[in-house]
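Engineer: Got a structure for you, written out below as structure tokens; questions coming shortly.
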Amino acid sequence: MRRISSSDRQRRVTNAVMTSFTGLCTLFAVSILAIIFAYIAWQGIGSVNLRFLLDSPRPVGEGGGIGNAIIGTGVLLLLASVFGMPIGIAAGVYLSEFGRGKFASIVRFVVDTLTGIPSIVTGVFVYAIIVLPLKHFSAFAGGVALALIMVPIVARTTEEMIKLVPQNLREGALALGAPQWRVTLGIVIPAAASGIATGAMLAIARVSGETAPLLFTAFGSRFFNYRLDEPIASLTVQIYNYALSPYDDWHAQAWAATLVLMTLILIINIVVRFFTRKKF
Amino acid sequence: MIVALAAKSILSIRQFGFSFVTSQQWDPVKSQFGALPFIYGTVVSSAIALLISVPLSLGIAVFLVEQAPYYVSRPITFLVELLAAIPSVVYGVWGIFVLAPFLRVHVEPFLARWFGWLPLFQGSITGIGLLTAGIILAIMVTPIITAVVRDVLAAVPDSQREAALALGATKWETTRVVLVNGAPGIAGAVMLGLGRALGETMAVTMVIGNRPEISASLFAPSYTIASAIANEFTEATQDIYLSALIELGLILFLVTFVVNGIARLLVWNVTRRTGATA
């Protein structure tokens, strides 16, 4: 009979302990996620109704809603997409199609590092270059701040997606005599279009949850507002203000607004997941 | 960006010079600005975050890459990535209404009872403070570290695993070989998480208590660079006050830039090396 020496037993025990430890870690992270979602749904669902979604904020105790904040977030996201998407996509196309050599790797490094810049610093930067000269907070400044956060995300996903386009598509087009710019614009970009679109969606999901860069650019507002040179409300800033207020009524509204925001972000994430699974 | 921030903070740089980062006095009324309490708060909360999240993320990544079958690891990867998709302000809401009361009632009295002889766990128990901020940050950076470590481990060639197993190593001993192989990349992942933790604003602002004091206790309220900017920026009426806050932003920018730069270089080295041999 084979004897199991004590060192051997020790090795087996260590193995078992560490293997279950990794499983426990995973379980822990997933349950945190479940707990957070459960709380948001449980606390938020009671206050969400049609009036809450359409009304603008009112003084404590009189109800009120987040209609202006939803529209504000929409306006800010639209502005950010208009400013940020073209630059981000162009940078991504450059990096993957023409990005060889030293300059390109510097660009890639800077883009990567920009992704990690704290969003509050972006807010301070936009405050310094836009809000200070114009002397007041504006939706425009908020849009620029969000766009700055979007650019590196869009650039990186665009680059990854374009790299997936098969090389022989490019070679085929070049062999037919198409110049480089037509190959890029006419063949490569359409082939990668759905990938680029999912990257764009993810970027929108990411910035729709940003609060810090909006605090002193878009600032927030308690009214419906459609002017771009005025402060504008956003879901995130409203959640922040309500959560830190001393009123239970506003706390409930903060949870409800959180539920709305999370639903939006979850939908985008799941849709993106669904599409990428089918494609690649 | 650097230029713009530096230009706006020149007033404060001139006035306080190097003492800006060594002075403990932050008193807007007297126009005294020293950033040391913020730097302390930022460093300590990030340190707590890494202390918790690094072993946790390593565990998850090892589980996903080395142990779980594909049909388990795929959905779990998605779930862990969802943790990264939750906005910071949502973590903040959850932090003040759920986590802080939980820590106040259950965890902090326990720590105070058993580890109260350490200066770390003394003082009044409020649920709001460095510890809570650190834990929230840990939850937030875990998915980031996990994602990068996962890529790094996946890039370790299978021949390493096969060699270890062939020599009679247990599953865990094989994993250790893989971890050693990916060590520089793992270091990069940790730096990446650190960069995120240092600059995280909203969730921390909501749970850290926002008091510019240096206290040894983890229960005590503190302040981070990012949350100071978030809280006081719109209140800054004098030029020198605003300038001091922008200088804080500049410091945060430079620090995170360097941390992220190092992180990227480390991760790149690992993935490029394996890319060349594959």
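Each chain in the structure tokens gets a letter, A, B and so on, in the order shown; residues start at 1 in every chain, and ligands are counted from 1 in the order they appear.
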Would you kindly return, as a PyMOL selection string, each protein, DNA or RNA residue with an atom no farther than 7 Å from any atom of segment 156-171 of chain A, considering only C-alpha atoms and excluding same-chain residues fewer than 2 positions away?
Structural biologist: chain A and resi 89+92-93+95-96+152-154+173-175+183+188+191-192+195-196+199
Engineer: List every residue of segment 32-257 of chain A that DSSP, applied to the backbone of this structure, places in helix (DSSP H, G or I), and write the result as a ChimeraX atom specification.
Structural biologist: /A:32-47,50-54,67-98,102-115,119-134,139-163,167-175,180-208,212-214,235-244,248-257
Engineer: Which residues come within 10 Å of Ser31 of chain B, counting only C-alpha atoms, excluding same-chain residues fewer than 6 positions away, as a ChimeraX atom specification?
Structural biologist: /B:25,238,240-241,244
Engineer: Measuring atom to atom with only C-alpha atoms, identify which of B:Ser12, B:Asn269, B:Ser88, B:Ser19 is nearest to chain A.
Structural biologist: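 Between B:Ser12, B:Asn269, B:Ser88, B:Ser19, the residue approaching chain A most closely is B:Ser88.
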Engineer: With DSSP run on the backbone, what are the strand (DSSP E) residues within segment 10-257 of chain B? I'd like them as a PyMOL selection string.
Structural biologist: chain B and resi 26-27+32-33
Engineer: Just write the chosen residues, N, CA and C atoms, as an mmCIF file, in the first residue's frame.
Structural biologist:
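Everything below was put into again_31.cif:
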data_model
loop_
_atom_site.group_PDB
_atom_site.id
_atom_site.type_symbol
_atom_site.label_atom_id
_atom_site.label_comp_id
_atom_site.auth_asym_id
_atom_site.auth_seq_id
_atom_site.Cartn_x
_atom_site.Cartn_y
_atom_site.Cartn_z
ATOM 1 N N TRP B 26 -5.221 73.489 6.634
ATOM 2 C CA TRP B 26 -6.094 73.785 5.497
ATOM 3 C C TRP B 26 -7.202 74.653 6.043
ATOM 4 N N ASP B 27 -7.039 75.951 5.907
ATOM 5 C CA ASP B 27 -7.983 76.870 6.507
ATOM 6 C C ASP B 27 -8.340 77.976 5.518
ATOM 7 N N GLN B 32 -4.947 79.812 4.487
ATOM 8 C CA GLN B 32 -3.805 78.923 4.708
ATOM 9 C C GLN B 32 -4.100 77.593 4.015
ATOM 10 N N PHE B 33 -3.257 77.192 3.092
ATOM 11 C CA PHE B 33 -3.541 75.949 2.383
ATOM 12 C C PHE B 33 -2.365 74.992 2.422
#
Engineer: Let me make sure I understand: among B:Ser159, B:Ser215, B:Ser46, B:Thr175, which one has the smallest atom-to-atom distance to chain A if we use only C-alpha atoms?
Structural biologist: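 Closest candidate: B:Thr175.
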Engineer: With a distance cut-off of 10 Å and only C-alpha atoms, select the neighbouring residues of segment 74-82 of chain B, excluding the residue or stretch itself and same-chain residues fewer than 5 positions from it, and output the selection as a VMD selection string.
Structural biologist: (chain A and resid 26 to 27 29 to 34 265 to 266 269 to 270 273) or (chain B and resid 60 to 61 64 68 to 69 142 to 144 146 to 147 150)
Engineer: May I have the residues from that selection written out with N, CA and C atoms, as a CSV table (one decimal), in the first residue's frame?
Structural biologist:
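The result, stored in part03.csv:
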chain,number,residue,atom,x,y,z
A,26,THR,N,-14.4,34.5,-5.7
A,26,THR,CA,-15.3,34.7,-6.8
A,26,THR,C,-16.7,34.8,-6.3
A,27,LEU,N,-17.1,33.9,-5.4
A,27,LEU,CA,-18.4,33.9,-4.8
A,27,LEU,C,-18.6,35.2,-4.1
A,29,ALA,N,-17.3,38.2,-4.7
A,29,ALA,CA,-17.4,39.4,-5.6
A,29,ALA,C,-18.8,39.3,-6.2
A,30,VAL,N,-19.2,38.1,-6.6
A,30,VAL,CA,-20.5,38.0,-7.3
A,30,VAL,C,-21.7,38.3,-6.3
A,31,SER,N,-21.5,37.9,-5.0
A,31,SER,CA,-22.6,38.3,-4.1
A,31,SER,C,-22.6,39.7,-3.8
A,32,ILE,N,-21.5,40.4,-3.7
A,32,ILE,CA,-21.5,41.9,-3.6
A,32,ILE,C,-22.3,42.5,-4.7
A,33,LEU,N,-22.1,42.1,-5.9
A,33,LEU,CA,-22.8,42.6,-7.0
A,33,LEU,C,-24.3,42.4,-6.8
A,34,ALA,N,-24.7,41.1,-6.4
A,34,ALA,CA,-26.1,40.8,-6.2
A,34,ALA,C,-26.7,41.7,-5.1
A,265,ILE,N,-27.9,51.8,-17.7
A,265,ILE,CA,-26.5,51.2,-17.9
A,265,ILE,C,-26.5,49.7,-18.1
A,266,LEU,N,-27.4,49.0,-17.3
A,266,LEU,CA,-27.5,47.6,-17.5
A,266,LEU,C,-27.9,47.2,-18.9
A,269,ASN,N,-25.2,47.6,-21.3
A,269,ASN,CA,-24.2,46.5,-21.2
A,269,ASN,C,-24.6,45.2,-21.7
A,270,ILE,N,-25.9,44.8,-21.4
A,270,ILE,CA,-26.4,43.5,-21.8
A,270,ILE,C,-26.6,43.5,-23.4
A,273,ARG,N,-23.2,43.1,-24.9
A,273,ARG,CA,-22.8,41.7,-24.7
A,273,ARG,C,-23.4,40.8,-25.7
B,60,ILE,N,-9.9,35.6,-7.7
B,60,ILE,CA,-10.9,35.5,-8.8
B,60,ILE,C,-10.3,35.2,-10.1
B,61,ALA,N,-9.2,35.9,-10.4
B,61,ALA,CA,-8.5,35.7,-11.7
B,61,ALA,C,-8.0,34.2,-11.8
B,64,LEU,N,-10.9,32.0,-12.4
B,64,LEU,CA,-11.4,32.1,-13.8
B,64,LEU,C,-10.5,31.4,-14.8
B,68,ALA,N,-12.0,27.3,-13.3
B,68,ALA,CA,-13.4,27.1,-13.8
B,68,ALA,C,-13.4,26.7,-15.2
B,69,PRO,N,-14.4,25.8,-15.5
B,69,PRO,CA,-14.6,25.4,-16.9
B,69,PRO,C,-15.2,26.6,-17.7
B,142,THR,N,-11.5,46.1,-7.6
B,142,THR,CA,-11.4,44.7,-7.8
B,142,THR,C,-11.6,44.2,-9.3
B,143,PRO,N,-12.7,44.7,-9.9
B,143,PRO,CA,-12.9,44.2,-11.3
B,143,PRO,C,-11.8,44.7,-12.2
B,144,ILE,N,-11.2,45.8,-12.0
B,144,ILE,CA,-10.2,46.3,-12.9
B,144,ILE,C,-8.9,45.4,-12.7
B,146,THR,N,-8.8,42.4,-11.5
B,146,THR,CA,-9.1,41.1,-12.0
B,146,THR,C,-9.0,41.0,-13.5
B,147,ALA,N,-9.6,42.0,-14.2
B,147,ALA,CA,-9.6,41.9,-15.7
B,147,ALA,C,-8.1,41.8,-16.2
B,150,ARG,N,-6.4,38.6,-15.2
B,150,ARG,CA,-6.9,37.5,-16.1
B,150,ARG,C,-6.2,37.4,-17.4
Engineer: Show which residues sit within 9 Å of Thr201 of chain B, as a ChimeraX atom specification. Count only C-alpha atoms, and ignore same-chain residues fewer than 6 positions away.
Structural biologist: /A:118-120,211-212 /B:88-89,224-230
Engineer: Just C-alpha atoms for this one: save the residues we selected as a PDB file, in the first residue's frame.
Structural biologist:
ATOM      1  CA  PRO A 118      -9.268  60.671 -12.626  1.00  0.00           C
ATOM      2  CA  SER A 119     -12.463  62.148 -13.988  1.00  0.00           C
ATOM      3  CA  ILE A 120     -12.415  64.885 -11.365  1.00  0.00           C
ATOM      4  CA  THR A 211     -20.572  62.641 -11.671  1.00  0.00           C
ATOM      5  CA  ALA A 212     -17.271  64.185 -10.717  1.00  0.00           C
TER       6      ALA A 212
ATOM      7  CA  SER B  88     -19.180  55.730  -8.711  1.00  0.00           C
ATOM      8  CA  VAL B  89     -22.094  57.741  -7.367  1.00  0.00           C
ATOM      9  CA  THR B 224      -8.867  62.792  -0.078  1.00  0.00           C
ATOM     10  CA  ILE B 225      -7.458  65.055  -2.764  1.00  0.00           C
ATOM     11  CA  ALA B 226     -10.255  64.186  -5.160  1.00  0.00           C
ATOM     12  CA  SER B 227     -13.027  64.663  -2.639  1.00  0.00           C
ATOM     13  CA  ALA B 228     -11.581  67.997  -1.506  1.00  0.00           C
ATOM     14  CA  ILE B 229     -11.785  69.242  -5.069  1.00  0.00           C
ATOM     15  CA  ALA B 230     -15.315  67.903  -5.489  1.00  0.00           C
TER      16      ALA B 230
END
Engineer: Might you pull out every residue within 9 Å of segment 152-156 of chain B, with only C-alpha atoms counted and same-chain residues fewer than 2 positions away left off, and present them as an MDAnalysis selection string?
Structural biologist: chainID B and resid 61:62 65:66 147:150 158:161 178:179 181:183 185:186 189 267 270:271 274:275
Engineer: As an exercise, work out the distance from atom CA of Gly41 of chain B to atom CA of Val141 of chain B in Å and give it to one decimal place.
Structural biologist: 17.2 Å
Engineer: Work out how far atom CA of Ala233 of chain A is from atom CA of Gln253 of chain A, in Å to one decimal.
Structural biologist: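 Atom CA of Gln253 of chain A sits 15.0 Å away from atom CA of Ala233 of chain A.
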Engineer: Which residue out of A:Tyr94, A:Phe125, A:Trp255, A:Phe109 has the minimum interatomic distance to Phe37 of chain A when only C-alpha atoms are used?
Structural biologist: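 For Phe37 of chain A, the nearest of the given residues is A:Trp255.
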Engineer: List the spatial neighbours of Ser45 of chain B as a count of residues only - criterion: any atom at most 8 Å away, only C-alpha atoms, same-chain residues fewer than 4 positions off excluded.
Structural biologist: 7
Engineer: Any idea what the distance is between atom CA of Ala7 of chain B and atom CA of Pro28 of chain B?
Structural biologist: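 So the answer is 20.8 Å.
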Engineer: Given only C-alpha atoms as the basis, pick out the residue of A:Ile129, A:Ala193, A:Val13, A:Ile149 nearest to chain B.
Structural biologist: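 Of the candidates, the smallest distance to chain B is held by A:Ile129.
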Engineer: Just checking: using only C-alpha atoms, which residue out of A:Gly64, A:Pro179, A:Gly72, A:Gly44 ends up closest to chain B?
Structural biologist: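 Of A:Gly64, A:Pro179, A:Gly72, A:Gly44, the one nearest chain B is A:Gly44, counting only C-alpha atoms.
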Engineer: Check the smallest atom-to-atom distance from each of B:Gly199, B:Gly95, B:Gly127, B:Gly209 to chain A using only C-alpha atoms, then report the winner.
Structural biologist: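 Counting only C-alpha atoms, the residue closest to chain A is B:Gly199.
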